[in-house]
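Asker: You'll find structure-v6.txt just under this line, and it carries compact mmCIF, C-alpha atoms.
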# COMPACT_ATOMS: atom_id res chain seq x y z
CA MET R 209 127.56 84.66 142.49
CA ARG R 210 127.58 86.49 139.16
CA ALA R 211 124.11 87.91 139.87
CA ALA R 212 125.14 89.00 143.37
CA THR R 213 128.44 90.63 142.40
CA GLY R 214 128.01 91.63 138.77
CA LEU R 215 131.33 89.97 137.98
CA PRO R 216 132.00 88.24 134.65
CA ILE R 217 131.32 84.51 134.71
CA GLU R 218 135.02 83.59 134.80
CA ALA R 219 135.72 85.90 137.74
CA ALA R 220 132.62 84.67 139.60
CA LEU R 221 133.73 81.07 139.20
CA LEU R 222 137.20 81.89 140.51
CA LEU R 223 135.68 83.72 143.46
CA VAL R 224 133.44 80.77 144.34
CA SER R 225 136.32 78.31 144.09
CA ASN R 226 138.70 80.34 146.24
CA LEU R 227 136.08 81.16 148.86
CA SER R 228 135.18 77.46 149.00
CA LEU R 229 138.85 76.57 149.44
CA LEU R 230 139.15 79.08 152.27
CA GLY R 231 136.09 77.55 153.93
CA ALA R 232 137.56 74.06 153.51
CA PHE R 233 140.76 75.17 155.26
CA VAL R 234 138.81 76.58 158.19
CA LEU R 235 136.57 73.53 158.60
CA LEU R 236 139.42 71.06 158.21
CA ALA R 237 141.37 72.90 160.91
CA CYS R 238 138.35 72.62 163.21
CA TYR R 239 137.92 68.97 162.27
CA VAL R 240 141.49 68.12 163.25
CA ARG R 241 141.78 70.36 166.31
CA ARG R 242 138.50 69.36 167.96
CA PRO R 243 138.73 65.57 168.18
CA THR R 244 135.96 63.56 169.77
CA ALA R 245 136.02 60.03 171.11
CA GLY R 246 137.10 57.75 168.32
CA ASN R 247 137.95 60.54 165.90
CA SER R 248 141.02 59.92 163.80
CA ALA R 249 142.46 63.38 164.33
CA GLN R 250 143.57 62.51 167.85
CA PRO R 251 147.39 62.14 167.87
CA THR R 252 148.42 58.62 168.73
CA ALA R 253 152.12 58.77 169.44
CA GLY R 254 154.80 61.06 170.81
CA ASN R 255 154.02 64.59 171.91
CA THR R 256 152.23 65.65 168.73
CA SER R 257 149.61 68.25 169.54
CA PRO R 258 146.32 68.69 167.68
CA CYS R 259 147.46 72.17 166.61
CA ARG R 260 150.73 70.89 165.14
CA LEU R 261 148.90 68.07 163.41
CA ALA R 262 146.36 70.52 162.01
CA ASP R 263 149.13 72.78 160.74
CA TYR R 264 150.80 69.98 158.82
CA THR R 265 147.45 68.70 157.53
CA LEU R 266 146.48 72.11 156.18
CA VAL R 267 149.90 72.68 154.62
CA ALA R 268 149.73 69.26 152.96
CA MET R 269 146.35 70.16 151.48
CA GLY R 270 147.40 73.65 150.48
CA LEU R 271 150.52 72.45 148.65
CA PHE R 272 149.12 69.26 147.14
CA PRO R 273 150.20 69.23 143.46
CA THR R 274 146.77 68.78 141.89
CA GLY R 275 145.34 71.24 144.38
CA CYS R 276 145.92 73.74 141.56
CA PHE R 277 142.37 72.83 140.48
CA PHE R 278 141.08 74.20 143.79
CA ARG R 279 142.09 77.66 142.61
CA MET R 280 140.44 77.39 139.18
CA GLY R 281 136.85 77.66 138.01
CA TYR R 282 136.14 73.97 138.63
CA THR R 283 133.97 72.15 141.17
CA GLU R 284 136.88 70.68 143.14
CA ALA R 285 137.06 73.33 145.86
CA THR R 286 133.31 73.47 146.47
CA PHE R 287 133.06 69.68 146.58
CA LEU R 288 136.00 69.57 149.00
CA LEU R 289 134.25 72.09 151.24
CA LEU R 290 131.03 70.06 151.26
CA GLY R 291 132.90 66.82 151.96
CA VAL R 292 134.72 68.30 154.94
CA ALA R 293 131.53 69.98 156.16
CA ALA R 294 129.58 66.70 156.06
CA MET R 295 132.27 64.86 158.01
CA TYR R 296 132.61 67.74 160.46
CA GLY R 297 128.85 67.67 161.03
CA ILE R 298 129.03 63.95 161.73
CA GLN R 299 131.96 64.48 164.07
CA ARG R 300 130.11 67.17 166.01
CA ARG R 301 126.86 65.16 165.97
CA TRP R 302 124.80 67.75 164.16
CA PRO R 303 121.13 66.87 163.63
CA LEU R 304 120.64 64.34 160.86
CA PRO R 305 118.61 66.75 158.68
CA ALA R 306 121.55 69.17 158.64
CA VAL R 307 124.06 66.48 157.68
CA ALA R 308 121.68 65.07 155.03
CA LEU R 309 121.30 68.58 153.59
CA ILE R 310 125.07 68.92 153.17
CA VAL R 311 125.47 65.44 151.72
CA GLY R 312 122.66 66.22 149.28
CA LEU R 313 124.43 69.37 148.17
CA ALA R 314 127.57 67.29 147.55
CA THR R 315 125.62 64.86 145.36
CA ALA R 316 124.28 67.83 143.41
CA MET R 317 127.82 69.11 142.93
CA ARG R 318 129.15 65.72 141.79
CA ALA R 319 127.53 62.32 141.46
CA ALA R 320 130.54 60.93 143.34
CA GLY R 321 129.12 62.70 146.38
CA ILE R 322 127.19 59.51 147.04
CA ALA R 323 130.45 58.33 148.66
CA LEU R 324 129.40 60.44 151.66
CA LEU R 325 126.50 58.05 152.22
CA ALA R 326 128.98 55.57 153.69
CA PRO R 327 130.12 57.75 156.62
CA LEU R 328 126.54 58.92 157.10
CA ALA R 329 125.35 55.30 157.30
CA ILE R 330 128.10 54.42 159.79
CA HIS R 331 127.16 57.44 161.88
CA ILE R 332 123.46 56.49 161.91
CA TRP R 333 124.29 52.86 162.73
CA HIS R 334 126.29 53.85 165.81
CA SER R 335 123.81 56.50 166.93
CA TYR R 336 120.90 54.17 167.73
CA PRO R 337 120.90 51.18 170.10
CA THR R 338 118.43 48.84 168.40
CA LEU R 339 118.44 47.19 164.99
CA ALA R 340 114.93 48.43 164.21
CA ALA R 341 115.87 52.04 164.97
CA ARG R 342 119.04 51.78 162.89
CA VAL R 343 117.31 50.28 159.87
CA SER R 344 114.41 52.73 159.97
CA ARG R 345 116.76 55.73 160.13
CA LEU R 346 118.91 54.36 157.33
CA LEU R 347 115.88 53.82 155.10
CA LEU R 348 114.75 57.36 155.82
CA TRP R 349 117.91 59.45 155.72
CA LEU R 350 120.07 57.78 153.07
CA PRO R 351 117.53 58.36 150.27
CA LEU R 352 116.86 61.89 151.52
CA ALA R 353 120.59 62.60 151.52
CA CYS R 354 120.57 62.02 147.75
CA TRP R 355 118.18 64.92 147.19
CA GLY R 356 120.69 66.92 145.15
CA LEU R 357 121.39 64.14 142.68
CA ALA R 358 117.69 63.29 142.51
CA GLY R 359 116.86 66.92 141.77
CA PHE R 360 119.48 67.09 139.03
CA MET R 361 118.14 63.89 137.47
CA THR R 362 114.61 65.30 137.60
CA PHE R 363 115.79 68.46 135.85
CA GLN R 364 117.43 66.40 133.11
CA TYR R 365 114.29 64.34 132.65
CA VAL R 366 112.20 67.49 132.25
CA GLN R 367 114.66 69.17 129.90
CA PHE R 368 115.97 66.22 127.88
CA GLY R 369 113.63 63.31 128.58
CA ASP R 370 116.54 61.37 130.10
CA PRO R 371 117.26 61.43 133.84
CA LEU R 372 120.68 59.85 133.17
CA ALA R 373 121.76 62.29 130.48
CA PHE R 374 124.85 63.17 132.53
CA VAL R 375 125.88 59.51 132.35
CA HIS R 376 124.99 58.88 128.73
CA THR R 377 126.82 61.98 127.48
CA GLN R 378 130.07 60.51 128.77
CA ARG R 379 130.23 58.36 125.65
CA HIS R 380 131.27 61.51 123.80
CA TRP R 381 134.12 62.21 126.22
CA ARG R 382 136.70 59.45 125.99
CA ILE R 383 140.09 58.70 124.46
CA ARG R 384 139.43 55.07 123.59
CA PRO R 385 136.33 52.94 122.96
CA ALA R 386 134.33 51.49 125.83
CA LEU R 387 134.51 47.76 126.49
CA ASP R 388 131.65 45.42 127.18
CA LEU R 389 131.05 44.80 130.87
CA SER R 390 132.98 41.54 131.24
CA ASP R 391 136.04 42.84 129.38
CA LYS R 392 135.98 46.09 131.31
CA LEU R 393 135.82 44.32 134.66
CA ALA R 394 138.74 42.11 133.65
CA ALA R 395 140.74 45.16 132.57
CA LEU R 396 140.04 47.02 135.78
CA ALA R 397 140.85 43.99 137.94
CA THR R 398 144.26 43.65 136.28
CA TRP R 399 145.06 47.39 136.46
CA GLU R 400 145.12 47.62 132.67
CA PRO R 401 144.16 51.34 132.68
CA VAL R 402 147.23 52.04 134.82
CA ARG R 403 149.57 50.01 132.62
CA ALA R 404 148.14 51.49 129.42
CA VAL R 405 149.35 54.97 130.34
CA TYR R 406 152.95 53.75 129.99
CA ASP R 407 152.37 51.56 126.91
CA ALA R 408 153.46 53.36 123.74
CA ALA R 409 151.11 51.15 121.67
CA SER R 410 148.04 52.20 123.65
CA PRO R 411 145.73 55.13 122.79
CA ALA R 412 146.04 56.04 126.48
CA TYR R 413 149.82 56.54 126.26
CA TRP R 414 150.71 59.66 128.18
CA LYS R 415 152.85 61.21 125.42
CA ALA R 416 149.79 61.46 123.21
CA PHE R 417 148.48 64.21 125.48
CA ASP R 418 151.61 66.11 126.58
CA ARG R 419 153.36 67.74 123.67
CA HIS R 420 156.35 68.74 125.80
CA GLY R 421 157.21 65.03 126.21
CA THR R 422 158.76 65.39 129.67
CA PRO R 423 157.35 62.73 132.02
CA TRP R 424 158.27 64.49 135.26
CA PHE R 425 156.22 67.53 134.22
CA SER R 426 153.29 65.54 132.84
CA LEU R 427 150.05 65.14 134.78
CA ALA R 428 148.97 62.47 132.27
CA PHE R 429 152.10 60.53 133.28
CA ALA R 430 151.45 61.11 136.98
CA ASN R 431 147.71 60.32 137.13
CA PRO R 432 148.17 56.58 137.85
CA ILE R 433 150.85 57.43 140.41
CA PHE R 434 148.44 59.70 142.26
CA LEU R 435 145.86 56.90 142.40
CA LEU R 436 148.29 54.24 143.63
CA ALA R 437 149.77 56.63 146.20
CA ALA R 438 146.28 57.50 147.44
CA VAL R 439 145.40 53.82 147.86
CA ALA R 440 148.63 53.26 149.81
CA LEU R 441 148.02 56.29 152.04
CA LEU R 442 144.47 55.20 152.86
CA ALA R 443 145.67 51.70 153.70
CA LEU R 444 148.47 53.07 155.88
CA GLY R 445 146.15 55.50 157.61
CA ARG R 446 143.64 52.80 158.48
CA TRP R 447 146.36 50.37 159.57
CA LYS R 448 147.84 52.98 161.89
CA ARG R 449 144.34 54.06 163.00
CA TRP R 450 145.04 57.60 161.89
CA ILE R 451 141.72 57.65 160.08
CA THR R 452 138.41 56.18 161.14
CA PRO R 453 136.42 53.52 159.26
CA ALA R 454 134.05 56.27 158.10
CA GLU R 455 136.91 58.32 156.65
CA THR R 456 138.41 55.21 155.08
CA TRP R 457 135.15 54.23 153.41
CA PHE R 458 134.65 57.74 152.09
CA GLY R 459 138.17 57.85 150.69
CA ALA R 460 137.96 54.38 149.18
CA LEU R 461 134.66 55.08 147.46
CA MET R 462 135.92 58.41 146.15
CA LEU R 463 138.76 56.53 144.46
CA LEU R 464 136.72 53.55 143.32
CA ILE R 465 133.92 55.52 141.67
CA PRO R 466 136.09 57.25 139.02
CA TYR R 467 138.32 54.21 138.60
CA LEU R 468 135.45 51.80 137.99
CA SER R 469 133.42 54.18 135.86
CA ARG R 470 135.87 56.07 133.65
CA ALA R 471 139.48 54.93 134.14
CA HIS R 472 139.52 52.72 131.05
CA GLU R 473 137.75 55.10 128.68
CA MET R 474 139.73 58.12 129.85
CA GLY R 475 143.11 56.42 130.18
CA MET R 476 143.28 57.44 133.85
CA GLY R 477 142.67 61.04 132.85
CA SER R 478 141.78 63.44 135.68
CA MET R 479 142.64 60.87 138.34
CA GLY R 480 144.95 63.37 140.04
CA ARG R 481 142.00 65.77 140.27
CA PHE R 482 139.79 63.08 141.78
CA VAL R 483 142.48 62.27 144.34
CA ALA R 484 142.81 65.91 145.39
CA VAL R 485 139.28 66.04 146.88
CA VAL R 486 139.80 62.92 149.04
CA PHE R 487 140.52 64.91 152.18
CA PRO R 488 141.25 61.90 154.49
CA LEU R 489 144.51 61.66 152.55
CA TYR R 490 145.56 64.97 154.07
CA LEU R 491 144.86 63.61 157.54
CA VAL R 492 147.29 60.76 156.80
CA LEU R 493 149.87 63.09 155.27
CA GLY R 494 149.61 65.33 158.32
CA GLN R 495 150.31 62.37 160.60
CA ILE R 496 153.32 61.35 158.50
CA LEU R 497 154.77 64.85 158.36
CA THR R 498 154.52 65.33 162.13
CA ARG R 499 156.61 62.20 162.62
CA LEU R 500 159.39 63.18 160.23
CA PRO R 501 162.37 65.40 161.05
CA ALA R 502 161.48 69.00 160.30
CA ALA R 503 164.03 69.24 157.48
CA VAL R 504 162.66 66.12 155.76
CA ALA R 505 159.05 67.32 156.12
CA ALA R 506 160.00 70.73 154.71
CA SER R 507 161.77 69.09 151.76
CA LEU R 508 158.75 66.94 150.91
CA LEU R 509 156.45 69.93 151.13
CA ALA R 510 158.82 71.93 148.91
CA ILE R 511 158.65 69.20 146.26
CA SER R 512 154.87 69.20 146.49
CA ALA R 513 154.80 72.99 146.15
CA PHE R 514 157.10 72.76 143.14
CA TYR R 515 154.70 70.46 141.32
CA LEU R 516 151.75 72.62 142.32
CA ALA R 517 153.54 75.51 140.62
CA VAL R 518 154.48 73.36 137.59
CA TYR R 519 150.92 72.16 136.94
CA SER R 520 149.58 75.68 137.43
CA ALA R 521 152.12 77.13 135.02
CA LEU R 522 151.44 74.46 132.39
CA PHE R 523 147.71 75.12 132.64
CA ALA R 524 148.26 78.86 132.29
CA ALA R 525 150.53 78.26 129.28
CA GLY R 526 147.81 76.33 127.49
CA TYR R 527 149.12 72.80 127.95
CA LEU R 528 146.62 70.00 128.41
CA ILE R 529 146.31 69.35 132.14
CA PHE R 530 143.75 66.70 132.99
In structure tokens, how does this file's structure come out?

Answerer:
Amino acid sequence: MRAATGLPIEAALLLVSNLSLLGAFVLLACYVRRPTAGNSAQPTAGNTSPCRLADYTLVAMGLFPTGCFFRMGYTEATFLLLGVAAMYGIQRRWPLPAVALIVGLATAMRAAGIALLAPLAIHIWHSYPTLAARVSRLLLWLPLACWGLAGFMTFQYVQFGDPLAFVHTQRHWRIRPALDLSDKLAALATWEPVRAVYDAASPAYWKAFDRHGTPWFSLAFANPIFLLAAVALLALGRWKRWITPAETWFGALMLLIPYLSRAHEMGMGSMGRFVAVVFPLYLVLGQILTRLPAAVAASLLAISAFYLAVYSALFAAGYLIF
């Protein structure tokens, strides 16, 4: 983008992020308004129309508190666009090479893009009538859909002699020491990273990272809340059949990957950012908002917009927002 426009790097990054966000809005609107058989976007109760549902879904995404990162020079907006595009391609039954291309781009953008392999696998499984055809297509297309990550790993091997350099360098980016595997699994299983954020004796205590000391304005304080709320929304959405199994698997993996890999070391840091790109959550929020009285829905959206503004202002003022 910088080469094409001549803009400074910072401006080019902002342009890419905001254009990606615009594209994500357009594709998500199409995704919700053009339901197919079995697609979760189909309203299930009352007289809710696809257009009204799409409106609430888009507003929920646009005003989501940690959606502030969509407007910054980060990868969130571009990854969101690719995630929605992959699921839209599956919904519209695009050719498998096209969907695999998009999924591969997502894995190049973020390693967590491998979560899109789950909906792709479900789509392939239901697209062919025989077990042999299903297995052969899975063995072909799932590895090919990782082309972006594979290319990045190849680049790192050529440049640094380590295809997993992006993993190994994480040891330098942490707020507390890593545990051995058994201890880490025990900590994760008991939600220790969540509890540690509110434990004043822990290195992960939220006040260690927010000098203003106000919990209600602290993203470090809110990160575990975003994760737990996301888990609850996914469970509700699947229970109510507002989201499909493919959307549920994608959302669950997008939450599990950062939690299992970095939640302990980072003290739940950036979890709100990870939650923001899990777009099935907005499908669930859209369904909830359409079922609430207009005044209640507007109030909830106003609160969300308030926190979007708060996190944006804190970031602009130089406070640590992660």

Asker: Compare R:Arg481, R:Arg241, R:Arg499, R:Arg470 by their minimum atom-to-atom distance to Pro273 in chain R, counting all atoms listed in the file, and give me the closest one.

Answerer: R:Arg481

Asker: For Leu444 in chain R, please output as a list of chain:residue names all residues within 12 Å (counting all atoms listed in the file; exclusion window: fewer than 2 positions along the same chain).

Answerer: R:Ala437, R:Ala438, R:Val439, R:Ala440, R:Leu441, R:Leu442, R:Arg446, R:Trp447, R:Lys448, R:Arg449, R:Trp450, R:Ile451, R:Thr452, R:Thr456, R:Pro488, R:Leu489, R:Leu491, R:Val492, R:Leu493, R:Gln495, R:Ile496

Asker: Rank nothing, just name the residue among R:Leu348, R:Leu528, R:Met269, R:His331 nearest to Trp414 in chain R, using all atoms listed in the file.

Answerer: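 Once distances to Trp414 in chain R are computed over all atoms listed in the file, the minimum belongs to R:Leu528.
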
Asker: Suppose you want the space between CA of Ile383 in chain R and CA of Ala460 in chain R; what is it in Å?

Answerer: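 CA of Ala460 in chain R lies at a distance of 25.2 Å from CA of Ile383 in chain R.
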
Asker: Quick one: of R:Leu463, R:Ala237, R:Ala340, R:Ala428, who's nearest to Val483 in chain R, counting only C-alpha atoms?

Answerer: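 Ranked by minimum distance to Val483 in chain R, first place goes to R:Leu463.
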
Asker: Pick out the closest residue to Ala293 in chain R from this set: R:Lys392, R:Cys276, R:Phe487, R:Ala320. Count only C-alpha atoms.

Answerer: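 That would be R:Phe487, the residue with the smallest distance to Ala293 in chain R.
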
Asker: Between CA of Lys415 in chain R and CA of Val375 in chain R, what is the distance, to one decimal in Å?

Answerer: 27.9 Å

Asker: List every protein, DNA or RNA residue that has an atom no more than 9 Å from (119.5, 61.0, 148.1) in the file's coordinate frame, counting only C-alpha atoms, and report them as a PyMOL selection string.

Answerer: chain R and resi 308+311-312+315+322+325+349-358

Asker: Taking only residues of range 419-443 of chain R that have an atom at most 12 Å from an atom of range 510-519 of chain R, what is each one's shortest atom pair and its distance in Å to one decimal, using only C-alpha atoms, in chain and number order, as CSV?

Answerer:
residue,atom,partner,partner_atom,distance
R:Trp424,CA,R:Tyr515,CA,9.2
R:Phe425,CA,R:Val518,CA,7.0
R:Ser426,CA,R:Tyr519,CA,8.1
R:Leu427,CA,R:Tyr519,CA,7.4
R:Ala428,CA,R:Tyr519,CA,10.9
R:Ala430,CA,R:Tyr515,CA,10.8

Asker: Work out how far CA of Ala268 in chain R is from CA of Phe482 in chain R, in Å to one decimal.

Answerer: 16.2 Å

Asker: Applying 10 Å and all atoms listed in the file, which residues near Ala323 in chain R remain after dropping the ones on its own chain fewer than 2 positions away? List them as a PyMOL selection string.

Answerer: chain R and resi 291+311+314-315+319-321+325-328+457-465

Asker: Between R:Met479, R:Ile310, R:Leu387, R:Pro371, single out the one closest to Pro466 in chain R, counting all atoms listed in the file.

Answerer: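 So, comparing all the options, the nearest one is R:Met479.
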
Asker: Pick from R:Ala316, R:Leu304, R:Thr283, R:Gln364: nearest to Ser335 in chain R, with only C-alpha atoms counted?

Answerer: R:Leu304

Asker: If we count all atoms listed in the file, what is near Tyr282 in chain R at a cut-off of 12 Å, once residues fewer than 2 positions away on the same chain are taken out, given as number ranges by chain?

Answerer: R: 218-226, 228-229, 275-280, 284-288, 317-318, 481-482, 485, 530

Asker: Complete range 226-238 of chain R at the level of N, CA and C atoms, written as a PDB file, keeping the file's coordinate frame.

Answerer:
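Listed below is the output, part20.pdb:
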ATOM      1  N   ASN R 226     137.734  79.937 145.214  1.00  0.00           N
ATOM      2  CA  ASN R 226     138.700  80.340 146.240  1.00  0.00           C
ATOM      3  C   ASN R 226     138.036  80.573 147.592  1.00  0.00           C
ATOM      4  N   LEU R 227     136.802  81.057 147.597  1.00  0.00           N
ATOM      5  CA  LEU R 227     136.080  81.160 148.860  1.00  0.00           C
ATOM      6  C   LEU R 227     135.768  79.783 149.428  1.00  0.00           C
ATOM      7  N   SER R 228     135.431  78.839 148.554  1.00  0.00           N
ATOM      8  CA  SER R 228     135.180  77.460 149.000  1.00  0.00           C
ATOM      9  C   SER R 228     136.452  76.851 149.575  1.00  0.00           C
ATOM     10  N   LEU R 229     137.578  77.099 148.931  1.00  0.00           N
ATOM     11  CA  LEU R 229     138.850  76.570 149.440  1.00  0.00           C
ATOM     12  C   LEU R 229     139.165  77.158 150.809  1.00  0.00           C
ATOM     13  N   LEU R 230     138.935  78.453 150.965  1.00  0.00           N
ATOM     14  CA  LEU R 230     139.150  79.080 152.270  1.00  0.00           C
ATOM     15  C   LEU R 230     138.258  78.419 153.326  1.00  0.00           C
ATOM     16  N   GLY R 231     136.987  78.209 152.993  1.00  0.00           N
ATOM     17  CA  GLY R 231     136.090  77.550 153.930  1.00  0.00           C
ATOM     18  C   GLY R 231     136.540  76.145 154.258  1.00  0.00           C
ATOM     19  N   ALA R 232     137.070  75.417 153.265  1.00  0.00           N
ATOM     20  CA  ALA R 232     137.560  74.060 153.510  1.00  0.00           C
ATOM     21  C   ALA R 232     138.743  74.070 154.466  1.00  0.00           C
ATOM     22  N   PHE R 233     139.637  75.043 154.321  1.00  0.00           N
ATOM     23  CA  PHE R 233     140.760  75.170 155.260  1.00  0.00           C
ATOM     24  C   PHE R 233     140.268  75.371 156.688  1.00  0.00           C
ATOM     25  N   VAL R 234     139.312  76.272 156.843  1.00  0.00           N
ATOM     26  CA  VAL R 234     138.810  76.580 158.190  1.00  0.00           C
ATOM     27  C   VAL R 234     138.144  75.359 158.812  1.00  0.00           C
ATOM     28  N   LEU R 235     137.280  74.695 158.057  1.00  0.00           N
ATOM     29  CA  LEU R 235     136.570  73.530 158.600  1.00  0.00           C
ATOM     30  C   LEU R 235     137.502  72.368 158.867  1.00  0.00           C
ATOM     31  N   LEU R 236     138.483  72.166 157.985  1.00  0.00           N
ATOM     32  CA  LEU R 236     139.420  71.060 158.210  1.00  0.00           C
ATOM     33  C   LEU R 236     140.257  71.320 159.458  1.00  0.00           C
ATOM     34  N   ALA R 237     140.639  72.574 159.686  1.00  0.00           N
ATOM     35  CA  ALA R 237     141.370  72.900 160.910  1.00  0.00           C
ATOM     36  C   ALA R 237     140.527  72.588 162.141  1.00  0.00           C
ATOM     37  N   CYS R 238     139.245  72.943 162.099  1.00  0.00           N
ATOM     38  CA  CYS R 238     138.350  72.620 163.210  1.00  0.00           C
ATOM     39  C   CYS R 238     138.184  71.116 163.367  1.00  0.00           C
TER      40      CYS R 238
END
